[in-house]
Amino acid sequence: MLNNRRAFIVGLKSTKLYKKEKLFLRKYKPWGIILFKRNIKSIKQAKKLTLSIRKIFNDKNYPILIDQEGGRVNRLESIISFNNLTSEFFGKKFNTNKKEFQSFFRLFIDQTSYLLKLIGININTVPVLDLRVKKTSNVIGDRSFSSDSKVVSIIGDYCIKLYHQNKIGTIMKHIPGHGLSKVDSHYFTPTIKKKLDYLIKNDFSAFRNKKTFFAMTAHILFDKIDKFHTVTHSKKIIELIRKKIGFRDILITDDISMKSLKGNLKDNTIQAFKAGCNIVLHCNANIKEMNIVGKNSPMINKFIIKKTSQFYKILR
C-alpha cells in the first residue's frame, strides 16, 4: 500500500478533484496531499474532497495535511474563526497563568483536532517552534509562542502530545529555526549571520528531543554554517539537524516553489533530496509544476515506509 508512492506532497486547485488532478495522483502517487483555504468551503464539501482523495489510494490513513495554526494562519476560515488564538496569545498565557494556559490550549487543540478529523485531515503542520525576535520579518511574528527557547520547547512538547492524543500527526517547523529572518522566505532568501554556538543555545534548541514524526525545513541561509545553501539544500545543516538537534524522523521541505530557493523547480527538487530531505512539498497546485516535482521525486524508501507506518499507529 505504501511502497508504490513517491516522496512528495502536493496541493490541489479547488474544492473538488479535477480530472487532470485525478490522473496526476494515479500516475505519480504522491506520499501526501496538503489542503489550503482554497480547498475548504464547508464541512460537507471538505469531507467529500478527502474521501475522493483516499478512494484513489485505497488507504483510510492516507496523509492529508493542513496548515492550521490558528491566528492569521487559519485555513478553516470558512468554517470557524480562530483569529484571536495566536501562538503569541498562548505563549503569554503560559507565562502569566499556567493552569489557564493548559486548559485553554487543550480546548483549542481538542476543538481543532475534532474539526480536522471531521473533514478527513490527519496531519497538522504545527507547532511553529521559531523564536520571536525583535526587528525581524513579520513572517513569523505572532505565530511564535515566545522569544524564550525554553518556553517554546515546553509548549511545543505539549502541542505535539495533545495532537497525538487526538490522533492527528504534527509537523514541527521551521527547523532549525526561522525566527532571526529579516525577510520573508516566500519572496527572498533570508541570511542569518549568528555563529553556531549561539544558534545551538537559542534558535536550534527549541527543536530538540521532539516526539513528532515530521519536521519542515526553513528556506534560510545560515552563513556561518553553510555560505552557499539554504537549509533545504544543505547537507551540512541537515546533518546538524540529525546529529545536534537529534531529529530522526521524516524531514519535509517547506514549499519548494518559494522564491528563497534560487534554482529552477527541477534542480530545487533534486537538490533537496541530495541534501538529505526525505519528502518535497509543493503547494500552489500548478499542474505543470506538479509534473516536474513528481517526475523528479524518487519512490519512497524503507525509512519513509517505516516512519509512515509508525505514524499510522497513532491514528488507530
# chains A, B, ... in the order shown; residues from 1 in each chain; ligands from 1
>>> residues_around(residues="Asn278 of chain A", least_positions_apart="3", cutoff="9 Å", atoms="only C-alpha atoms", output="CSV table (one decimal) with N, CA and C atoms, in the first residue's frame")
chain,number,residue,atom,x,y,z
A,7,ALA,N,8.1,10.3,-3.1
A,7,ALA,CA,8.4,11.1,-1.9
A,7,ALA,C,8.1,12.6,-2.1
A,8,PHE,N,6.9,12.9,-2.3
A,8,PHE,CA,6.5,14.4,-2.4
A,8,PHE,C,5.0,14.5,-2.0
A,250,ILE,N,10.9,11.9,9.7
A,250,ILE,CA,10.7,12.3,8.3
A,250,ILE,C,10.9,13.8,8.2
A,251,LEU,N,11.9,14.2,7.3
A,251,LEU,CA,12.2,15.7,7.1
A,251,LEU,C,11.5,16.1,5.8
A,252,ILE,N,10.6,17.0,5.9
A,252,ILE,CA,9.9,17.6,4.7
A,252,ILE,C,10.3,19.0,4.4
A,253,THR,N,10.5,19.3,3.2
A,253,THR,CA,10.9,20.7,2.8
A,253,THR,C,9.7,21.6,3.0
A,272,ALA,N,17.1,19.1,-3.0
A,272,ALA,CA,16.6,18.8,-1.7
A,272,ALA,C,16.8,17.3,-1.3
A,273,PHE,N,16.5,16.4,-2.2
A,273,PHE,CA,16.7,15.0,-1.9
A,273,PHE,C,18.2,14.7,-1.7
A,300,ILE,N,9.3,6.3,-2.4
A,300,ILE,CA,9.6,6.4,-1.0
A,300,ILE,C,10.5,5.1,-0.6
A,301,ASN,N,11.4,5.3,0.3
A,301,ASN,CA,12.3,4.2,0.6
A,301,ASN,C,11.9,3.5,1.9
A,303,PHE,N,13.0,3.7,4.9
A,303,PHE,CA,13.0,4.6,6.0
A,303,PHE,C,11.6,5.3,6.1
A,304,ILE,N,11.2,5.9,5.0
A,304,ILE,CA,9.9,6.6,4.9
A,304,ILE,C,8.7,5.6,5.2
>>> select_by_dssp(residues="segment 197-296 of chain A", states="alpha helix (DSSP H)", output="PyMOL selection string")
chain A and resi 197-201+235-243+265-275+287-295
>>> write_last_selection(atoms="C-alpha atoms", output="PDB file, in the first residue's frame")
ATOM      1  CA  ASP A 197      27.297  28.232  19.303  1.00  0.00           C
ATOM      2  CA  TYR A 198      24.669  30.965  19.634  1.00  0.00           C
ATOM      3  CA  LEU A 199      22.221  29.141  17.363  1.00  0.00           C
ATOM      4  CA  ILE A 200      22.568  25.843  19.205  1.00  0.00           C
ATOM      5  CA  LYS A 201      21.876  27.536  22.564  1.00  0.00           C
ATOM      6  CA  LYS A 235      23.934  18.557   3.593  1.00  0.00           C
ATOM      7  CA  LYS A 236      25.865  20.230   6.434  1.00  0.00           C
ATOM      8  CA  ILE A 237      22.782  21.656   8.114  1.00  0.00           C
ATOM      9  CA  ILE A 238      20.654  18.561   7.599  1.00  0.00           C
ATOM     10  CA  GLU A 239      23.428  16.521   9.194  1.00  0.00           C
ATOM     11  CA  LEU A 240      23.358  19.023  12.079  1.00  0.00           C
ATOM     12  CA  ILE A 241      19.557  18.591  12.339  1.00  0.00           C
ATOM     13  CA  ARG A 242      20.052  14.834  12.563  1.00  0.00           C
ATOM     14  CA  LYS A 243      23.008  14.827  14.963  1.00  0.00           C
ATOM     15  CA  LEU A 265      11.975  23.789  -9.836  1.00  0.00           C
ATOM     16  CA  LYS A 266      13.594  20.624 -11.167  1.00  0.00           C
ATOM     17  CA  ASP A 267      17.001  21.470  -9.671  1.00  0.00           C
ATOM     18  CA  ASN A 268      15.458  22.615  -6.385  1.00  0.00           C
ATOM     19  CA  THR A 269      13.593  19.320  -6.081  1.00  0.00           C
ATOM     20  CA  ILE A 270      16.619  17.147  -6.897  1.00  0.00           C
ATOM     21  CA  GLN A 271      18.935  19.155  -4.633  1.00  0.00           C
ATOM     22  CA  ALA A 272      16.560  18.806  -1.660  1.00  0.00           C
ATOM     23  CA  PHE A 273      16.743  15.013  -1.885  1.00  0.00           C
ATOM     24  CA  LYS A 274      20.524  15.062  -2.399  1.00  0.00           C
ATOM     25  CA  ALA A 275      20.937  17.197   0.718  1.00  0.00           C
ATOM     26  CA  ILE A 287      -0.227  21.144 -12.673  1.00  0.00           C
ATOM     27  CA  LYS A 288       2.838  21.849 -14.863  1.00  0.00           C
ATOM     28  CA  GLU A 289       4.977  22.434 -11.776  1.00  0.00           C
ATOM     29  CA  MET A 290       3.443  19.386 -10.064  1.00  0.00           C
ATOM     30  CA  ASN A 291       4.547  17.229 -13.006  1.00  0.00           C
ATOM     31  CA  ILE A 292       8.127  18.497 -12.654  1.00  0.00           C
ATOM     32  CA  VAL A 293       8.162  17.701  -8.934  1.00  0.00           C
ATOM     33  CA  GLY A 294       6.525  14.306  -9.488  1.00  0.00           C
ATOM     34  CA  LYS A 295       8.989  13.269 -12.224  1.00  0.00           C
TER      35      LYS A 295
END
>>> atom_distance(atom1="atom CA of Leu17 of chain A", atom2="atom CA of Ser78 of chain A")
18.9 Å
>>> closest_residue(among="A:Ser205, A:Ser52, A:Asn284, A:Asn4", to="Trp31 of chain A", atoms="only C-alpha atoms")
A:Asn4
>>> closest_residue(among="A:Gly276, A:Gly141, A:Pro176, A:Pro63", to="Asn122 of chain A", atoms="only C-alpha atoms")
A:Pro63
>>> closest_residue(among="A:Ile80, A:Ile220, A:Leu196, A:Ile40", to="Ile119 of chain A", atoms="only C-alpha atoms")
A:Ile40
>>> closest_residue(among="A:Lys29, A:Arg54, A:Arg143, A:His186", to="Ser257 of chain A", atoms="only C-alpha atoms")
A:His186
>>> residues_around(residues="Thr136 of chain A", least_positions_apart="3", cutoff="7 Å", atoms="only C-alpha atoms", output="PyMOL selection string")
chain A and resi 133+180-182
>>> closest_residue(among="A:Asn286, A:Ser137, A:Asn202, A:Thr96", to="Val152 of chain A", atoms="only C-alpha atoms")
A:Asn202
>>> closest_residue(among="A:Ile305, A:Gly11, A:Phe90, A:His174", to="Leu107 of chain A", atoms="only C-alpha atoms")
A:Phe90
>>> residues_around(residues="Lys211 of chain A", least_positions_apart="3", cutoff="10 Å", atoms="only C-alpha atoms", output="NGL selection string")
:A and (156-157 or 160-161 or 164 or 170 or 172 or 207-208 or 214 or 247-249)
>>> write_last_selection(atoms="C-alpha atoms", output="PDB file, in the first residue's frame")
ATOM      1  CA  GLY A 156       5.894  22.538  21.550  1.00  0.00           C
ATOM      2  CA  ASP A 157       6.070  19.290  23.525  1.00  0.00           C
ATOM      3  CA  ILE A 160       2.624  17.507  19.871  1.00  0.00           C
ATOM      4  CA  LYS A 161       1.400  15.356  22.773  1.00  0.00           C
ATOM      5  CA  HIS A 164      -1.171  12.765  19.053  1.00  0.00           C
ATOM      6  CA  THR A 170       2.243  17.056  13.654  1.00  0.00           C
ATOM      7  CA  MET A 172       7.207  20.997  13.639  1.00  0.00           C
ATOM      8  CA  PHE A 207      13.565  21.784  18.251  1.00  0.00           C
ATOM      9  CA  ARG A 208      15.491  19.300  20.362  1.00  0.00           C
ATOM     10  CA  PHE A 214       7.664  15.055  10.897  1.00  0.00           C
ATOM     11  CA  PHE A 247      15.633  14.721  14.779  1.00  0.00           C
ATOM     12  CA  ARG A 248      15.491  11.149  13.433  1.00  0.00           C
ATOM     13  CA  ASP A 249      12.172  11.086  11.614  1.00  0.00           C
TER      14      ASP A 249
END
>>> select_by_dssp(residues="segment 138-172 of chain A", states="strand (DSSP E or B)", output="list of chain:residue names")
A:Gly169, A:Thr170, A:Ile171, A:Met172
>>> atom_distance(atom1="atom CA of Ile9 of chain A", atom2="atom CA of Phe213 of chain A")
15.5 Å
>>> atom_distance(atom1="atom CA of Phe204 of chain A", atom2="atom CA of Ile66 of chain A")
24.3 Å
>>> residues_around(residues="Phe108 of chain A", least_positions_apart="4", cutoff="10 Å", atoms="only C-alpha atoms", output="ChimeraX atom specification")
/A:70,82,85,90,102-104,112-114
